[in-house]
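Participant: Sharing protein16.cif (mmCIF, C-alpha atoms) below.
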data_structure
#
loop_
_atom_site.group_PDB
_atom_site.id
_atom_site.type_symbol
_atom_site.label_atom_id
_atom_site.label_comp_id
_atom_site.auth_asym_id
_atom_site.auth_seq_id
_atom_site.Cartn_x
_atom_site.Cartn_y
_atom_site.Cartn_z
ATOM 1 C CA MET W 1 0.000 0.000 0.000
ATOM 2 C CA ILE W 2 1.304 3.455 -0.917
ATOM 3 C CA TYR W 3 0.027 6.161 1.439
ATOM 4 C CA PHE W 4 -0.036 9.890 0.717
ATOM 5 C CA PRO W 5 -0.063 11.587 4.158
ATOM 6 C CA ILE W 6 -1.168 15.050 3.006
ATOM 7 C CA THR W 7 -4.355 13.785 1.357
ATOM 8 C CA GLY W 8 -4.879 10.616 3.366
ATOM 9 C CA TRP W 9 -5.327 8.762 0.072
ATOM 10 C CA CYS W 10 -3.809 5.372 -0.541
ATOM 11 C CA LEU W 11 -3.445 3.196 -3.623
ATOM 12 C CA SER W 12 -4.886 0.151 -1.890
ATOM 13 C CA MET W 13 -8.428 1.597 -1.864
ATOM 14 C CA LYS W 14 -10.638 -0.668 -3.930
ATOM 15 C CA TYR W 15 -13.182 1.138 -6.080
ATOM 16 C CA SER W 16 -15.716 -0.941 -7.917
ATOM 17 C CA ASN W 17 -18.361 0.105 -10.397
ATOM 18 C CA GLU W 18 -20.887 -0.120 -7.555
ATOM 19 C CA ASN W 19 -19.213 2.460 -5.292
ATOM 20 C CA ARG W 20 -17.749 4.913 -7.832
ATOM 21 C CA GLY W 21 -19.162 8.385 -7.211
ATOM 22 C CA LYS W 22 -20.478 7.464 -3.761
ATOM 23 C CA ILE W 23 -19.198 9.030 -0.553
ATOM 24 C CA GLN W 24 -16.757 6.547 0.937
ATOM 25 C CA ASN W 25 -16.939 7.895 4.506
ATOM 26 C CA LYS W 26 -20.323 9.461 5.267
ATOM 27 C CA ALA W 27 -19.346 10.428 8.818
ATOM 28 C CA GLN W 28 -16.509 12.571 7.493
ATOM 29 C CA ALA W 29 -18.660 13.952 4.683
ATOM 30 C CA LEU W 30 -21.178 15.196 7.272
ATOM 31 C CA GLN W 31 -18.539 17.365 8.903
ATOM 32 C CA VAL W 32 -19.035 21.056 8.136
ATOM 33 C CA ASN W 33 -16.092 23.078 6.862
ATOM 34 C CA ASP W 34 -15.782 26.297 8.845
ATOM 35 C CA PHE W 35 -14.267 28.950 6.587
ATOM 36 C CA SER W 36 -14.674 31.817 9.051
ATOM 37 C CA SER W 37 -10.915 32.080 9.622
ATOM 38 C CA LEU W 38 -10.402 32.538 5.867
ATOM 39 C CA ARG W 39 -12.077 35.911 5.584
ATOM 40 C CA PHE W 40 -10.156 38.543 3.628
ATOM 41 C CA LYS W 41 -12.135 41.803 3.970
ATOM 42 C CA ASN W 42 -15.447 40.828 2.339
ATOM 43 C CA ILE W 43 -14.075 37.738 0.537
ATOM 44 C CA THR W 44 -14.676 34.232 1.886
ATOM 45 C CA PRO W 45 -14.380 30.772 0.277
ATOM 46 C CA THR W 46 -17.218 29.141 -1.586
ATOM 47 C CA ASP W 47 -17.811 25.544 -2.584
ATOM 48 C CA ILE W 48 -18.641 23.636 -5.734
ATOM 49 C CA ASP W 49 -21.004 20.697 -5.402
ATOM 50 C CA GLY W 50 -19.557 18.817 -8.347
ATOM 51 C CA PHE W 51 -16.849 18.918 -10.983
ATOM 52 C CA ILE W 52 -16.362 16.467 -13.844
ATOM 53 C CA ASP W 53 -13.301 16.452 -16.091
ATOM 54 C CA PHE W 54 -13.977 14.627 -19.354
ATOM 55 C CA GLN W 55 -10.445 13.693 -20.446
ATOM 56 C CA ASN W 56 -9.211 17.301 -20.146
ATOM 57 C CA LYS W 57 -11.471 18.296 -23.061
ATOM 58 C CA LYS W 58 -14.755 19.293 -21.418
ATOM 59 C CA PHE W 59 -15.423 20.420 -17.859
ATOM 60 C CA VAL W 60 -18.751 20.360 -16.041
ATOM 61 C CA LEU W 61 -19.262 22.422 -12.869
ATOM 62 C CA ILE W 62 -22.342 21.539 -10.828
ATOM 63 C CA GLU W 63 -24.089 23.542 -8.121
ATOM 64 C CA ILE W 64 -27.229 22.191 -6.462
ATOM 65 C CA LYS W 65 -29.694 24.284 -4.467
ATOM 66 C CA TYR W 66 -32.770 23.369 -2.459
ATOM 67 C CA LYS W 67 -35.960 24.154 -4.395
ATOM 68 C CA ASP W 68 -35.736 27.748 -5.693
ATOM 69 C CA ALA W 69 -32.861 28.962 -3.487
ATOM 70 C CA LEU W 70 -30.685 31.414 -5.362
ATOM 71 C CA LEU W 71 -26.936 31.321 -5.707
ATOM 72 C CA PRO W 72 -25.518 33.892 -3.271
ATOM 73 C CA PHE W 73 -23.899 36.810 -5.132
ATOM 74 C CA GLY W 74 -20.312 35.889 -4.244
ATOM 75 C CA GLN W 75 -20.733 32.216 -5.097
ATOM 76 C CA LYS W 76 -22.403 33.059 -8.400
ATOM 77 C CA LEU W 77 -19.631 35.496 -9.310
ATOM 78 C CA ALA W 78 -16.896 32.989 -8.421
ATOM 79 C CA LEU W 79 -18.523 30.177 -10.402
ATOM 80 C CA GLU W 80 -19.112 32.471 -13.400
ATOM 81 C CA ARG W 81 -15.463 33.507 -13.383
ATOM 82 C CA LEU W 82 -14.272 29.925 -13.065
ATOM 83 C CA CYS W 83 -16.503 28.836 -15.950
ATOM 84 C CA ASP W 84 -15.768 31.826 -18.189
ATOM 85 C CA ASN W 85 -11.997 31.754 -17.708
ATOM 86 C CA SER W 86 -11.489 28.057 -18.322
ATOM 87 C CA LYS W 87 -9.446 27.281 -21.404
ATOM 88 C CA LYS W 88 -11.532 24.131 -21.913
ATOM 89 C CA ASP W 89 -15.109 23.767 -23.127
ATOM 90 C CA THR W 90 -16.792 24.390 -19.759
ATOM 91 C CA ILE W 91 -20.389 24.492 -18.614
ATOM 92 C CA LEU W 92 -21.793 25.435 -15.206
ATOM 93 C CA MET W 93 -25.081 23.745 -14.315
ATOM 94 C CA VAL W 94 -27.356 24.858 -11.491
ATOM 95 C CA GLY W 95 -29.893 22.284 -10.390
ATOM 96 C CA SER W 96 -32.688 21.964 -7.853
ATOM 97 C CA HIS W 97 -33.613 19.273 -5.386
ATOM 98 C CA THR W 98 -36.515 18.907 -2.966
ATOM 99 C CA SER W 99 -35.028 16.365 -0.560
ATOM 100 C CA GLU W 100 -35.240 17.478 3.075
ATOM 101 C CA THR W 101 -33.479 14.400 4.449
ATOM 102 C CA GLY W 102 -31.238 11.678 3.133
ATOM 103 C CA ASP W 103 -28.925 11.605 0.193
ATOM 104 C CA ILE W 104 -29.451 13.795 -2.872
ATOM 105 C CA ASP W 105 -29.247 12.118 -6.276
ATOM 106 C CA VAL W 106 -27.393 14.896 -8.090
ATOM 107 C CA GLY W 107 -27.890 13.295 -11.506
ATOM 108 C CA GLY W 108 -31.634 13.293 -10.887
ATOM 109 C CA CYS W 109 -31.796 16.960 -9.884
ATOM 110 C CA ILE W 110 -33.651 19.242 -12.282
ATOM 111 C CA LEU W 111 -31.536 21.647 -14.327
ATOM 112 C CA ARG W 112 -32.660 25.198 -13.462
ATOM 113 C CA GLU W 113 -30.178 27.206 -15.463
ATOM 114 C CA TYR W 114 -26.719 26.904 -16.910
ATOM 115 C CA ARG W 115 -23.832 29.106 -17.942
ATOM 116 C CA TYR W 116 -22.089 28.413 -21.216
ATOM 117 C CA LYS W 117 -19.912 30.640 -23.393
ATOM 118 C CA ARG W 118 -20.220 33.579 -20.970
ATOM 119 C CA ALA W 119 -24.030 33.621 -20.903
ATOM 120 C CA TRP W 120 -26.719 32.337 -18.537
ATOM 121 C CA LYS W 121 -29.388 30.246 -20.237
ATOM 122 C CA VAL W 122 -32.514 28.309 -19.293
ATOM 123 C CA TYR W 123 -33.039 24.995 -21.017
ATOM 124 C CA PRO W 124 -36.264 24.961 -23.073
ATOM 125 C CA GLU W 125 -37.539 21.799 -21.411
ATOM 126 C CA LYS W 126 -37.402 20.207 -17.956
ATOM 127 C CA ILE W 127 -34.411 17.850 -17.840
ATOM 128 C CA THR W 128 -32.183 16.296 -15.199
ATOM 129 C CA ILE W 129 -28.570 17.204 -14.585
ATOM 130 C CA LYS W 130 -27.527 13.808 -15.959
ATOM 131 C CA GLU W 131 -29.482 14.341 -19.188
ATOM 132 C CA ALA W 132 -28.063 17.865 -19.519
ATOM 133 C CA ILE W 133 -24.525 16.492 -19.192
ATOM 134 C CA LYS W 134 -25.226 13.845 -21.825
ATOM 135 C CA ARG W 135 -26.488 16.538 -24.183
ATOM 136 C CA PHE W 136 -23.450 18.711 -23.466
ATOM 137 C CA LEU W 137 -21.249 15.748 -24.355
ATOM 138 C CA LYS W 138 -23.522 14.951 -27.329
ATOM 139 C CA LEU W 139 -24.019 11.348 -26.182
#
Using structure tokens, write down the structure that the file contains.

Facilitator:
Amino acid sequence: MIYFPITGWCLSMKYSNENRGKIQNKAQALQVNDFSSLRFKNITPTDIDGFIDFQNKKFVLIEIKYKDALLPFGQKLALERLCDNSKKDTILMVGSHTSETGDIDVGGCILREYRYKRAWKVYPEKITIKEAIKRFLKL
């Protein structure tokens, strides 16, 4: 086993098709990151709910919100900048979920809006995040 102490990752971890994409340690995933010590004037960190790198050719950024909750101004600005300044073909998808408890199936979330080629757009029909990604990839 090769262990990388900074990340806590080791090569002996066994990933199967059944557990790929699933949280491996739910207790740790439930811990809340406290960014309050990383405040620089009015700038604080934000998070990204998902990122997919398709062979360094296409990038998908995913942000999921509960029902109709809006992206806070700072998070929206940061995600726009990340999307717009990527040198790869990049899309930012914002989806909605209605789950109040339990796990959230991100692929099954409804696409609310997306940012592509420096513009916000609304998809003309109701589709899931997974379907939107497939269409972005032209699968």

Participant: I need the residue nearest Ile43 of chain W from this list: W:Leu70, W:Ala29, W:Leu61, W:Ala78. Use only C-alpha atoms for the distance.

Facilitator: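 Under the stated criterion, the closest residue is W:Ala78.
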
Participant: Given the file above and the PyMOL selection byres ((chain W and resi 127-138) around 9), which residues are selected, and can you give them as a list in words?

Facilitator: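 This file gives the following for the PyMOL selection byres ((chain W and resi 127-138) around 9): Phe54, Lys58, Val60, Ile62, Ile91, Met93, Val94, Gly95, Val106, Gly107, Gly108, Cys109, Ile110, Leu111, Arg112, Tyr123, Glu125, Lys126 and Leu139 of chain W.
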
Participant: Between atom CA of Thr90 of chain W and atom CA of Lys57 of chain W, what is the spacing in Å?

Facilitator: 8.7 Å

Participant: What is the atom CA of Cys83 of chain W to atom CA of Lys26 of chain W distance in Å?

Facilitator: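 These two atoms are separated by 29.0 Å.
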
Participant: Using atom CA of Asn25 of chain W and atom CA of Ser96 of chain W as the two end points, give the distance in Å to one decimal.

Facilitator: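 For atom CA of Asn25 of chain W relative to atom CA of Ser96 of chain W, the distance reads 24.5 Å.
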
Participant: With only C-alpha atoms as the atoms that count, which of W:Val32, W:Ala27, W:Leu77, W:Ile64 lies nearest to Glu113 of chain W?

Facilitator: W:Ile64

Participant: Taking 6 positions as the minimum chain separation for residues in the same chain, which residues sit within 8 Å of Asp84 of chain W when counting all atoms listed in the file? Answer as a PyMOL selection string.

Facilitator: chain W and resi 90+116-118

Participant: Which is closest to Tyr114 of chain W among W:Ser86, W:Asp34, W:Lys76, W:Glu100, if we use all atoms listed in the file?

Facilitator: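 Checking each candidate against Tyr114 of chain W, we get W:Lys76 as the closest.
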